[in-house]
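Novice: Pasting query_2.csv below, which is CSV, C-alpha atoms.
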chain,number,residue,atom,x,y,z
A,24,MET,CA,59.7,-3.7,267.2
A,25,PRO,CA,62.0,-5.9,265.0
A,26,HIS,CA,63.6,-4.7,261.8
A,27,PHE,CA,60.9,-4.8,259.2
A,28,ASP,CA,62.6,-3.4,256.2
A,29,LEU,CA,65.6,-4.6,254.2
A,30,PRO,CA,68.9,-5.7,256.0
A,31,LEU,CA,71.5,-2.9,256.2
A,32,ALA,CA,73.7,-4.4,253.6
A,33,GLU,CA,70.8,-4.4,251.1
A,34,LEU,CA,69.8,-0.9,252.2
A,35,GLU,CA,73.2,0.4,251.4
A,36,ARG,CA,72.8,-0.9,247.8
A,37,TYR,CA,69.1,0.0,247.4
A,38,ASN,CA,68.8,2.2,244.4
A,39,PRO,CA,65.3,1.8,242.9
A,40,ALA,CA,64.1,3.2,239.7
A,41,CYS,CA,61.6,6.0,240.6
A,42,VAL,CA,59.1,7.7,238.4
A,43,GLU,CA,60.4,11.1,237.2
A,44,PRO,CA,58.1,13.4,235.1
A,45,SER,CA,59.6,14.5,231.8
A,46,ASP,CA,58.8,18.1,232.7
A,47,PHE,CA,60.1,18.0,236.3
A,48,ASP,CA,62.7,20.7,235.7
A,49,THR,CA,60.4,22.9,233.7
A,50,PHE,CA,57.7,22.6,236.3
A,51,TRP,CA,60.0,23.8,239.0
A,52,ALA,CA,61.7,26.5,237.0
A,53,ASP,CA,58.3,28.0,236.1
A,54,THR,CA,57.1,27.7,239.7
A,55,LEU,CA,60.1,29.5,241.1
A,56,ALA,CA,60.1,32.2,238.3
A,57,GLU,CA,56.5,32.9,239.2
A,58,ALA,CA,57.4,33.2,242.9
A,59,ARG,CA,60.2,35.7,242.1
A,60,GLU,CA,57.8,38.1,240.5
A,61,PHE,CA,57.0,39.1,244.1
A,62,ASP,CA,59.4,41.1,246.1
A,63,LEU,CA,60.7,39.3,249.2
A,64,ASN,CA,59.4,42.2,251.4
A,65,THR,CA,61.4,40.7,254.3
A,66,GLN,CA,60.9,42.2,257.7
A,67,TRP,CA,63.3,41.5,260.6
A,68,ASP,CA,61.6,42.8,263.8
A,69,GLU,CA,63.7,42.3,267.0
A,70,VAL,CA,61.8,40.9,269.9
A,71,ASP,CA,63.0,40.8,273.5
A,72,VAL,CA,62.3,37.5,275.2
A,73,GLY,CA,65.1,37.7,277.7
A,74,TYR,CA,68.0,36.1,275.9
A,75,THR,CA,70.6,38.7,276.7
A,76,GLU,CA,73.4,37.1,274.6
A,77,LEU,CA,71.2,36.6,271.5
A,78,ILE,CA,69.4,38.9,269.1
A,79,THR,CA,66.0,37.3,268.4
A,80,GLU,CA,63.9,38.5,265.4
A,81,ASP,CA,60.4,37.9,264.3
A,82,VAL,CA,60.6,37.4,260.6
A,83,THR,CA,58.1,37.8,257.7
A,84,PHE,CA,58.9,37.3,254.0
A,85,ALA,CA,57.0,36.6,250.8
A,86,GLY,CA,56.8,33.0,249.8
A,87,PHE,CA,54.7,31.3,247.1
A,88,GLY,CA,52.2,33.7,245.6
A,89,GLY,CA,53.7,36.6,247.6
A,90,HIS,CA,52.0,35.1,250.7
A,91,PRO,CA,53.5,36.3,254.0
A,92,ILE,CA,55.5,33.5,255.7
A,93,LYS,CA,56.7,33.8,259.3
A,94,GLY,CA,60.0,32.6,260.8
A,95,TRP,CA,62.4,33.2,263.6
A,96,MET,CA,66.0,34.4,263.4
A,97,LEU,CA,68.4,34.0,266.3
A,98,ARG,CA,72.0,35.1,266.3
A,99,PRO,CA,74.9,35.9,268.7
A,100,ARG,CA,74.5,39.4,270.0
A,101,HIS,CA,78.2,40.3,270.1
A,102,ALA,CA,79.3,39.0,266.7
A,103,THR,CA,81.7,41.4,264.9
A,104,GLU,CA,81.8,39.7,261.5
A,105,ALA,CA,79.2,38.4,259.1
A,106,LEU,CA,77.8,35.1,260.4
A,107,PRO,CA,77.3,31.7,258.8
A,108,ALA,CA,73.7,30.7,259.0
A,109,VAL,CA,71.5,27.5,259.2
A,110,VAL,CA,68.1,27.5,257.6
A,111,SER,CA,65.9,24.9,259.4
A,112,TYR,CA,62.7,23.3,258.1
A,113,ILE,CA,60.1,21.6,260.4
A,114,GLY,CA,58.5,18.2,260.6
A,115,TYR,CA,54.9,17.4,259.7
A,116,GLY,CA,52.3,19.3,261.6
A,117,GLY,CA,54.8,21.6,263.2
A,118,GLY,CA,55.5,25.3,263.0
A,119,ARG,CA,58.3,27.6,264.1
A,120,GLY,CA,57.4,27.0,267.7
A,121,LEU,CA,58.8,29.2,270.5
A,122,LEU,CA,62.2,31.0,270.4
A,123,SER,CA,63.2,29.0,273.5
A,124,GLU,CA,63.3,25.8,271.3
A,125,TRP,CA,66.1,27.2,269.0
A,126,THR,CA,68.9,28.6,271.2
A,127,GLY,CA,71.4,25.8,270.6
A,128,ILE,CA,72.8,26.7,267.1
A,129,PRO,CA,73.3,30.4,267.8
A,130,SER,CA,75.1,29.4,271.0
A,131,ALA,CA,77.7,27.9,268.6
A,132,GLY,CA,78.2,31.3,266.9
A,133,ILE,CA,75.9,30.6,263.9
A,134,ALA,CA,72.8,32.5,262.9
A,135,HIS,CA,69.7,30.3,262.9
A,136,PHE,CA,66.6,30.9,260.8
A,137,VAL,CA,63.6,28.7,261.4
A,138,MET,CA,60.9,28.8,258.7
A,139,ASP,CA,57.2,28.6,259.8
A,140,LEU,CA,55.0,26.2,257.7
A,141,ARG,CA,51.9,27.5,256.0
A,142,GLY,CA,48.8,26.0,257.4
A,143,GLN,CA,50.7,23.8,259.9
A,144,GLY,CA,51.6,24.4,263.5
A,145,ALA,CA,48.7,22.8,265.3
A,146,GLY,CA,50.7,19.6,265.9
A,147,HIS,CA,54.0,19.2,267.8
A,148,ARG,CA,55.0,22.9,267.5
A,149,THR,CA,53.0,26.1,267.2
A,150,GLY,CA,52.8,28.0,264.0
A,151,GLU,CA,51.6,31.5,262.9
A,152,THR,CA,51.3,31.3,259.1
A,153,PRO,CA,48.0,30.6,257.3
A,154,ASP,CA,47.8,29.0,253.9
A,155,PRO,CA,45.7,31.5,252.0
A,156,GLY,CA,42.5,30.0,250.5
A,157,VAL,CA,42.9,27.1,252.9
A,158,GLY,CA,43.1,28.6,256.4
A,159,GLY,CA,45.2,28.9,259.5
A,160,PRO,CA,47.1,26.2,261.4
A,161,HIS,CA,45.3,22.9,261.4
A,162,VAL,CA,46.0,19.2,262.1
A,163,GLY,CA,46.9,16.9,259.2
A,164,GLY,CA,45.6,16.5,255.7
A,165,PHE,CA,48.5,18.2,254.0
A,166,LEU,CA,49.7,15.1,252.2
A,167,THR,CA,46.5,14.8,250.1
A,168,MET,CA,45.7,18.5,249.8
A,169,GLY,CA,45.4,19.3,246.0
A,170,ILE,CA,46.9,15.9,245.2
A,171,GLU,CA,45.1,15.5,241.9
A,172,ASN,CA,47.1,18.2,240.2
A,173,PRO,CA,50.8,19.1,240.7
A,174,SER,CA,50.0,22.8,240.3
A,175,ASP,CA,47.5,22.7,243.1
A,176,TYR,CA,49.4,20.5,245.4
A,177,TYR,CA,50.2,21.8,248.9
A,178,TYR,CA,53.9,20.9,248.7
A,179,ARG,CA,54.4,23.1,245.6
A,180,ARG,CA,53.6,26.1,247.8
A,181,LEU,CA,55.7,24.8,250.8
A,182,PHE,CA,58.8,23.9,248.8
A,183,THR,CA,58.6,27.3,247.1
A,184,ASP,CA,58.5,29.0,250.5
A,185,ALA,CA,61.6,27.1,251.4
A,186,VAL,CA,63.6,28.4,248.5
A,187,ARG,CA,62.4,31.9,249.2
A,188,ALA,CA,63.5,31.5,252.8
A,189,VAL,CA,67.1,30.9,251.6
A,190,GLU,CA,66.9,34.1,249.6
A,191,ALA,CA,65.7,36.0,252.6
A,192,VAL,CA,68.4,34.7,254.9
A,193,GLU,CA,71.1,35.4,252.3
A,194,ALA,CA,70.0,39.0,252.3
A,195,HIS,CA,70.1,39.5,256.0
A,196,PRO,CA,72.8,42.2,256.8
A,197,ALA,CA,74.4,40.0,259.6
A,198,VAL,CA,74.7,36.9,257.4
A,199,ASP,CA,77.6,35.8,255.2
A,200,PRO,CA,75.5,34.7,252.1
A,201,SER,CA,78.4,32.3,251.0
A,202,ARG,CA,78.1,30.2,254.2
A,203,VAL,CA,74.4,29.1,254.4
A,204,ILE,CA,73.6,25.5,255.5
A,205,LEU,CA,70.2,23.8,255.1
A,206,SER,CA,68.7,21.5,257.7
A,207,GLY,CA,65.6,19.5,258.4
A,208,GLY,CA,64.2,16.2,259.6
A,209,SER,CA,61.3,14.1,258.5
A,210,GLN,CA,59.0,16.5,256.6
A,211,GLY,CA,61.8,19.0,257.2
A,212,GLY,CA,64.2,16.6,255.5
A,213,ALA,CA,61.9,16.5,252.5
A,214,ILE,CA,61.8,20.3,252.4
A,215,CYS,CA,65.6,20.3,252.8
A,216,LEU,CA,66.1,18.0,249.8
A,217,ALA,CA,63.9,20.2,247.7
A,218,ALA,CA,65.7,23.4,248.8
A,219,ALA,CA,69.1,21.8,248.2
A,220,ALA,CA,68.2,20.9,244.6
A,221,LEU,CA,66.2,24.1,243.8
A,222,SER,CA,68.0,26.9,245.7
A,223,PRO,CA,71.2,26.9,243.5
A,224,THR,CA,69.0,27.5,240.5
A,225,VAL,CA,67.6,30.8,241.7
A,226,VAL,CA,69.4,32.4,244.7
A,227,GLY,CA,72.5,34.6,244.5
A,228,HIS,CA,74.7,32.1,246.3
A,229,THR,CA,74.5,28.4,246.5
A,230,PRO,CA,74.1,27.0,250.1
A,231,ILE,CA,77.2,25.1,251.1
A,232,ALA,CA,75.8,22.0,252.7
A,233,ALA,CA,72.6,20.2,253.8
A,234,ILE,CA,71.5,18.0,256.8
A,235,VAL,CA,68.8,15.6,255.9
A,236,ASP,CA,67.5,13.5,258.8
A,237,VAL,CA,65.0,10.6,258.2
A,238,PRO,CA,63.4,12.4,255.2
A,239,PHE,CA,59.7,12.1,254.5
A,240,LEU,CA,58.2,12.1,251.0
A,241,SER,CA,60.9,9.9,249.4
A,242,HIS,CA,60.1,6.8,247.4
A,243,VAL,CA,56.5,7.5,248.4
A,244,ARG,CA,54.8,4.5,246.8
A,245,ARG,CA,57.0,2.0,248.7
A,246,ALA,CA,56.3,3.8,251.9
A,247,THR,CA,52.6,3.4,251.5
A,248,GLU,CA,53.2,-0.3,250.9
A,249,LEU,CA,55.3,-0.8,254.0
A,250,VAL,CA,53.6,1.3,256.7
A,251,ASN,CA,50.2,2.6,257.6
A,252,THR,CA,51.4,5.1,260.2
A,253,ALA,CA,50.8,8.9,260.0
A,254,PRO,CA,51.4,10.8,257.8
A,255,TYR,CA,51.5,8.1,255.1
A,256,SER,CA,48.3,6.7,256.5
A,257,GLU,CA,46.6,9.8,255.0
A,258,LEU,CA,47.4,8.5,251.5
A,259,VAL,CA,46.2,5.0,252.4
A,260,SER,CA,42.9,6.5,253.7
A,261,TYR,CA,42.5,8.6,250.6
A,262,PHE,CA,43.0,5.6,248.3
A,263,ARG,CA,40.6,3.5,250.4
A,264,THR,CA,37.7,5.7,249.3
A,265,ARG,CA,39.2,7.3,246.1
A,266,ARG,CA,39.5,4.0,244.4
A,267,HIS,CA,41.3,4.1,241.0
A,268,SER,CA,42.9,7.5,241.9
A,269,GLU,CA,46.3,6.0,242.8
A,270,GLU,CA,48.1,6.6,239.5
A,271,ARG,CA,47.0,10.2,239.2
A,272,ALA,CA,48.0,10.8,242.8
A,273,PHE,CA,51.4,9.1,242.5
A,274,GLU,CA,52.0,11.1,239.3
A,275,THR,CA,51.5,14.3,241.2
A,276,LEU,CA,53.7,13.0,244.0
A,277,SER,CA,56.5,12.3,241.6
A,278,TYR,CA,57.0,16.1,241.2
A,279,PHE,CA,57.7,16.3,245.0
A,280,ASP,CA,59.5,13.0,245.7
A,281,GLY,CA,62.8,13.4,247.5
A,282,VAL,CA,64.5,10.9,245.3
A,283,ASN,CA,64.0,13.1,242.3
A,284,PHE,CA,65.3,16.1,244.2
A,285,ALA,CA,68.2,14.1,245.6
A,286,ALA,CA,69.4,13.3,242.1
A,287,ARG,CA,69.7,17.0,241.4
A,288,ALA,CA,71.3,18.1,244.7
A,289,THR,CA,75.1,18.4,244.8
A,290,LEU,CA,75.7,20.1,248.2
A,291,PRO,CA,77.8,18.0,250.7
A,292,ALA,CA,75.1,16.3,252.9
A,293,LEU,CA,74.7,14.5,256.2
A,294,PHE,CA,71.9,12.0,256.3
A,295,SER,CA,70.6,9.9,259.2
A,296,VAL,CA,68.3,6.9,259.4
A,297,GLY,CA,66.7,4.8,262.1
A,298,LEU,CA,66.5,1.1,261.1
A,299,LEU,CA,63.3,0.7,263.2
A,300,ASP,CA,61.6,3.7,261.7
A,301,ASP,CA,58.0,2.8,260.9
A,302,ILE,CA,57.1,6.4,259.8
A,303,CYS,CA,59.8,7.0,257.1
A,304,PRO,CA,60.9,3.4,256.4
A,305,PRO,CA,64.7,2.9,256.1
A,306,SER,CA,64.5,1.8,252.4
A,307,THR,CA,62.8,5.1,251.5
A,308,VAL,CA,65.5,7.0,253.3
A,309,TYR,CA,68.2,5.1,251.5
A,310,ALA,CA,66.5,5.5,248.2
A,311,ALA,CA,67.0,9.3,248.6
A,312,PHE,CA,70.5,8.9,250.0
A,313,ASN,CA,71.7,6.6,247.3
A,314,ALA,CA,70.3,8.8,244.6
A,315,TYR,CA,71.9,11.9,246.1
A,316,ALA,CA,74.3,13.5,243.6
A,317,GLY,CA,76.7,15.3,246.0
A,318,ASP,CA,79.2,14.1,248.6
A,319,LYS,CA,77.2,12.4,251.4
A,320,GLU,CA,77.5,10.5,254.6
A,321,MET,CA,74.9,8.5,256.5
A,322,VAL,CA,74.6,8.2,260.3
A,323,VAL,CA,72.8,4.9,261.2
A,324,TYR,CA,70.9,4.2,264.4
A,325,PRO,CA,70.2,0.5,264.3
A,326,TYR,CA,67.8,0.4,267.3
A,327,ASN,CA,66.0,3.7,266.9
A,328,GLY,CA,62.9,4.6,265.1
A,329,HIS,CA,61.8,8.0,263.7
A,330,GLU,CA,63.5,9.8,266.5
A,331,ASN,CA,66.8,8.5,265.1
A,332,GLY,CA,69.7,9.9,267.1
A,333,GLY,CA,67.9,12.6,269.1
A,334,PRO,CA,70.5,14.6,271.0
A,335,PHE,CA,73.2,12.3,269.6
A,336,GLN,CA,72.3,13.5,266.2
A,337,ASP,CA,72.3,17.1,267.4
A,338,ALA,CA,76.0,16.5,268.3
A,339,GLU,CA,76.5,15.1,264.8
A,340,HIS,CA,75.0,18.3,263.4
A,341,LEU,CA,77.4,20.5,265.3
A,342,ALA,CA,80.4,18.4,264.2
A,343,PHE,CA,79.2,18.7,260.6
A,344,PHE,CA,78.8,22.4,260.9
A,345,ARG,CA,82.4,22.7,262.1
A,346,ARG,CA,83.7,20.6,259.2
A,347,VAL,CA,81.9,22.4,256.4
A,348,LEU,CA,82.6,25.9,257.9
A,349,GLY,CA,86.3,25.1,258.6
A,350,ARG,CA,86.1,25.7,262.3
Go ahead and express the file in the form of structure tokens.
Specialist:
Amino acid sequence: MPHFDLPLAELERYNPACVEPSDFDTFWADTLAEAREFDLNTQWDEVDVGYTELITEDVTFAGFGGHPIKGWMLRPRHATEALPAVVSYIGYGGGRGLLSEWTGIPSAGIAHFVMDLRGQGAGHRTGETPDPGVGGPHVGGFLTMGIENPSDYYYRRLFTDAVRAVEAVEAHPAVDPSRVILSGGSQGGAICLAAAALSPTVVGHTPIAAIVDVPFLSHVRRATELVNTAPYSELVSYFRTRRHSEERAFETLSYFDGVNFAARATLPALFSVGLLDDICPPSTVYAAFNAYAGDKEMVVYPYNGHENGGPFQDAEHLAFFRRVLGR
């Protein structure tokens, strides 16, 4: 498809005014304080799936509401010193998947934690974590779940899980808590932006960097005006029948918009964008990038869509890890 969004020169300057609730910081401070009333109760259970050079662990920790959240931890078996770690968040509909999907980063001498997503994991990767009161893994619907009230909204629970995951990883005995990096693409990029902004307010050590690929949930209203592809099509369908509900829904979404988190995040960050992306349109990605308060760099893929760089971007990740870790 041809480029459908702004030209690159305009994208690089695109810095829209986005709605920010007056109680945004209070809302999140109260949410995280409530979550921390529950002990993390982290369990790291080693599982043997045949990777002789890796230690692989099935992880459970307490997320929002004390709910048990699953994850995987993979790390080099023969490490003699505390390891840097990457915390990864997954795209829409996915879960932690299989251990075989995550062997690349630990092969570079870095511990890798992959957070499962409550209620998701019936799409492109399997998941094991239910969303209490809602149910186990299912397909779609997360974008409008509880959207009429910020306190009930699905992403309040999910973003809180993400911050608690950082706390859990920092407490792992094999991890150097001063060298934790956050990473995610698409929905995972949205979660990463939230964790980058919120983790320094609650955890013992501030993560040192973030990788934010083609982030979802940024400049959401514009996204719904540009594309009707999933997952944003869920909002379009919702508004089609819930006439006159737009303003209430967008008010809720403003508590979760990546642009508002980006303005509060100061970790060095690597972003990526595909200029043909009709799922997370380039201008919505640049809205978050240009609002981002920390040092940042953007990798641009002019002829790619939501897949952005694929394995080429994986190589960019590894180079970024080496830069921020001083390797």
Novice: Counting only C-alpha atoms, figure out which residue out of A:Glu124, A:Glu190, A:Glu330, A:Glu43 gets nearest to Leu299 in chain A.
Specialist: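 Among the listed residues, A:Glu330 lies closest to Leu299 in chain A.
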Novice: Which neighbours of range 234-242 of chain A fall inside 6 Å, counting only C-alpha atoms, when residues of the same chain fewer than 4 positions from it are skipped, and could you give them as a PyMOL selection string?
Specialist: chain A and resi 206-210+212-213+280-282+292-296+303+307
Novice: Residues within 10 Å of range 50-54 of chain A, please, as a list of chain:residue names. Count all atoms listed in the file; anything in the same chain fewer than 5 positions from it doesn't count.
Specialist: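 With the cut-off at 10 Å, the set is A:Pro44, A:Ser45, A:Arg59, A:Phe87, A:Gly88, A:Pro173, A:Ser174, A:Arg179, A:Arg180, A:Phe182, A:Thr183, A:Leu221, A:Thr224, A:Val225, A:Tyr278, A:Phe279.
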Novice: Which of these, A:Ala272, A:Ala197, A:Asn327, A:His161, has the shortest distance to Leu97 in chain A once you count only C-alpha atoms?
Specialist: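 The answer is A:Ala197, which sits nearest to Leu97 in chain A.
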Novice: Could you pull the residues within 9 Å of Asp68 in chain A, counting all atoms listed in the file, minus those fewer than 5 positions along the same chain, as an MDAnalysis selection string?
Specialist: chainID A and resid 79:83
Novice: If you count only C-alpha atoms, which residues fall within 8 Å of range 26-40 of chain A, apart from same-chain ones fewer than 3 positions away, as an mmCIF file with C-alpha atoms, keeping the file's coordinate frame?
Specialist:
data_model
loop_
_atom_site.group_PDB
_atom_site.id
_atom_site.type_symbol
_atom_site.label_atom_id
_atom_site.label_comp_id
_atom_site.auth_asym_id
_atom_site.auth_seq_id
_atom_site.Cartn_x
_atom_site.Cartn_y
_atom_site.Cartn_z
ATOM 1 C CA LEU A 298 66.500 1.100 261.100
ATOM 2 C CA LEU A 299 63.300 0.700 263.200
ATOM 3 C CA PRO A 304 60.900 3.400 256.400
ATOM 4 C CA PRO A 305 64.700 2.900 256.100
ATOM 5 C CA SER A 306 64.500 1.800 252.400
ATOM 6 C CA TYR A 309 68.200 5.100 251.500
ATOM 7 C CA ALA A 310 66.500 5.500 248.200
ATOM 8 C CA ASN A 313 71.700 6.600 247.300
ATOM 9 C CA ALA A 314 70.300 8.800 244.600
#
Novice: Show me, as an mmCIF file with C-alpha atoms, in the coordinates of the input, the residues that have an atom within 7 Å of Pro99 in chain A when counting all atoms listed in the file, minus same-chain residues fewer than 4 positions from it.
Specialist:
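Wrote it out as out-v4.cif, contents follow:
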data_model
loop_
_atom_site.group_PDB
_atom_site.id
_atom_site.type_symbol
_atom_site.label_atom_id
_atom_site.label_comp_id
_atom_site.auth_asym_id
_atom_site.auth_seq_id
_atom_site.Cartn_x
_atom_site.Cartn_y
_atom_site.Cartn_z
ATOM 1 C CA GLU A 76 73.400 37.100 274.600
ATOM 2 C CA LEU A 77 71.200 36.600 271.500
ATOM 3 C CA ILE A 78 69.400 38.900 269.100
ATOM 4 C CA PRO A 129 73.300 30.400 267.800
ATOM 5 C CA SER A 130 75.100 29.400 271.000
ATOM 6 C CA GLY A 132 78.200 31.300 266.900
#
Novice: Measuring atom to atom with only C-alpha atoms, identify which of A:Ile231, A:Ala131, A:Leu205, A:Ala253 is nearest to Gly116 in chain A.
Specialist: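 With only C-alpha atoms as the atom set, the closest residue is A:Ala253.
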Novice: What does the structure give for the distance between CA of Met168 in chain A and CA of Asp48 in chain A, in Å to one decimal?
Specialist: 22.2 Å
Novice: To one decimal in Å, tell me the separation between CA of Arg271 in chain A and CA of Leu166 in chain A.
Specialist: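 That distance, rounded to one decimal, is 14.2 Å.
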Novice: At what distance in Å, to one decimal, does CA of Tyr112 in chain A lie from CA of Glu171 in chain A?
Specialist: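 Between CA of Glu171 in chain A and CA of Tyr112 in chain A the gap is 25.2 Å.
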Novice: Reconstruct N, CA and C atoms of range 42-66 of chain A; output as an mmCIF file, keeping the file's coordinate frame.
Specialist:
data_model
loop_
_atom_site.group_PDB
_atom_site.id
_atom_site.type_symbol
_atom_site.label_atom_id
_atom_site.label_comp_id
_atom_site.auth_asym_id
_atom_site.auth_seq_id
_atom_site.Cartn_x
_atom_site.Cartn_y
_atom_site.Cartn_z
ATOM 1 N N VAL A 42 59.762 6.979 239.442
ATOM 2 C CA VAL A 42 59.100 7.700 238.400
ATOM 3 C C VAL A 42 59.543 9.187 238.433
ATOM 4 N N GLU A 43 60.014 9.702 237.282
ATOM 5 C CA GLU A 43 60.400 11.100 237.200
ATOM 6 C C GLU A 43 59.653 11.735 236.022
ATOM 7 N N PRO A 44 58.840 12.756 236.257
ATOM 8 C CA PRO A 44 58.100 13.400 235.100
ATOM 9 C C PRO A 44 59.065 13.991 234.128
ATOM 10 N N SER A 45 58.699 13.932 232.863
ATOM 11 C CA SER A 45 59.600 14.500 231.800
ATOM 12 C C SER A 45 59.695 15.997 231.938
ATOM 13 N N ASP A 46 58.703 16.649 232.544
ATOM 14 C CA ASP A 46 58.800 18.100 232.700
ATOM 15 C C ASP A 46 59.093 18.547 234.105
ATOM 16 N N PHE A 47 59.738 17.672 234.875
ATOM 17 C CA PHE A 47 60.100 18.000 236.300
ATOM 18 C C PHE A 47 60.820 19.310 236.379
ATOM 19 N N ASP A 48 61.892 19.468 235.618
ATOM 20 C CA ASP A 48 62.700 20.700 235.700
ATOM 21 C C ASP A 48 61.968 21.910 235.254
ATOM 22 N N THR A 49 61.201 21.773 234.192
ATOM 23 C CA THR A 49 60.400 22.900 233.700
ATOM 24 C C THR A 49 59.352 23.313 234.699
ATOM 25 N N PHE A 50 58.703 22.324 235.301
ATOM 26 C CA PHE A 50 57.700 22.600 236.300
ATOM 27 C C PHE A 50 58.251 23.460 237.423
ATOM 28 N N TRP A 51 59.421 23.079 237.922
ATOM 29 C CA TRP A 51 60.000 23.800 239.000
ATOM 30 C C TRP A 51 60.597 25.143 238.622
ATOM 31 N N ALA A 52 61.182 25.208 237.434
ATOM 32 C CA ALA A 52 61.700 26.500 237.000
ATOM 33 C C ALA A 52 60.580 27.501 236.794
ATOM 34 N N ASP A 53 59.461 27.056 236.243
ATOM 35 C CA ASP A 53 58.300 28.000 236.100
ATOM 36 C C ASP A 53 57.731 28.369 237.413
ATOM 37 N N THR A 54 57.648 27.404 238.332
ATOM 38 C CA THR A 54 57.100 27.700 239.700
ATOM 39 C C THR A 54 57.943 28.766 240.375
ATOM 40 N N LEU A 55 59.251 28.608 240.339
ATOM 41 C CA LEU A 55 60.100 29.500 241.100
ATOM 42 C C LEU A 55 60.187 30.900 240.344
ATOM 43 N N ALA A 56 60.132 30.892 239.021
ATOM 44 C CA ALA A 56 60.100 32.200 238.300
ATOM 45 C C ALA A 56 58.841 32.946 238.646
ATOM 46 N N GLU A 57 57.733 32.245 238.774
ATOM 47 C CA GLU A 57 56.500 32.900 239.200
ATOM 48 C C GLU A 57 56.589 33.475 240.577
ATOM 49 N N ALA A 58 57.225 32.734 241.488
ATOM 50 C CA ALA A 58 57.400 33.200 242.900
ATOM 51 C C ALA A 58 58.251 34.470 242.914
ATOM 52 N N ARG A 59 59.264 34.533 242.068
ATOM 53 C CA ARG A 59 60.200 35.700 242.100
ATOM 54 C C ARG A 59 59.644 36.914 241.489
ATOM 55 N N GLU A 60 58.440 36.839 240.941
ATOM 56 C CA GLU A 60 57.800 38.100 240.500
ATOM 57 C C GLU A 60 57.345 38.927 241.648
ATOM 58 N N PHE A 61 57.316 38.334 242.835
ATOM 59 C CA PHE A 61 57.000 39.100 244.100
ATOM 60 C C PHE A 61 58.228 39.464 244.798
ATOM 61 N N ASP A 62 58.302 40.703 245.244
ATOM 62 C CA ASP A 62 59.400 41.100 246.100
ATOM 63 C C ASP A 62 59.402 40.335 247.383
ATOM 64 N N LEU A 63 60.600 40.053 247.925
ATOM 65 C CA LEU A 63 60.700 39.300 249.200
ATOM 66 C C LEU A 63 60.011 40.021 250.350
ATOM 67 N N ASN A 64 60.068 41.364 250.343
ATOM 68 C CA ASN A 64 59.400 42.200 251.400
ATOM 69 C C ASN A 64 59.769 41.638 252.800
ATOM 70 N N THR A 65 61.031 41.303 253.018
ATOM 71 C CA THR A 65 61.400 40.700 254.300
ATOM 72 C C THR A 65 61.434 41.740 255.410
ATOM 73 N N GLN A 66 60.860 41.390 256.542
ATOM 74 C CA GLN A 66 60.900 42.200 257.700
ATOM 75 C C GLN A 66 61.580 41.452 258.850
#
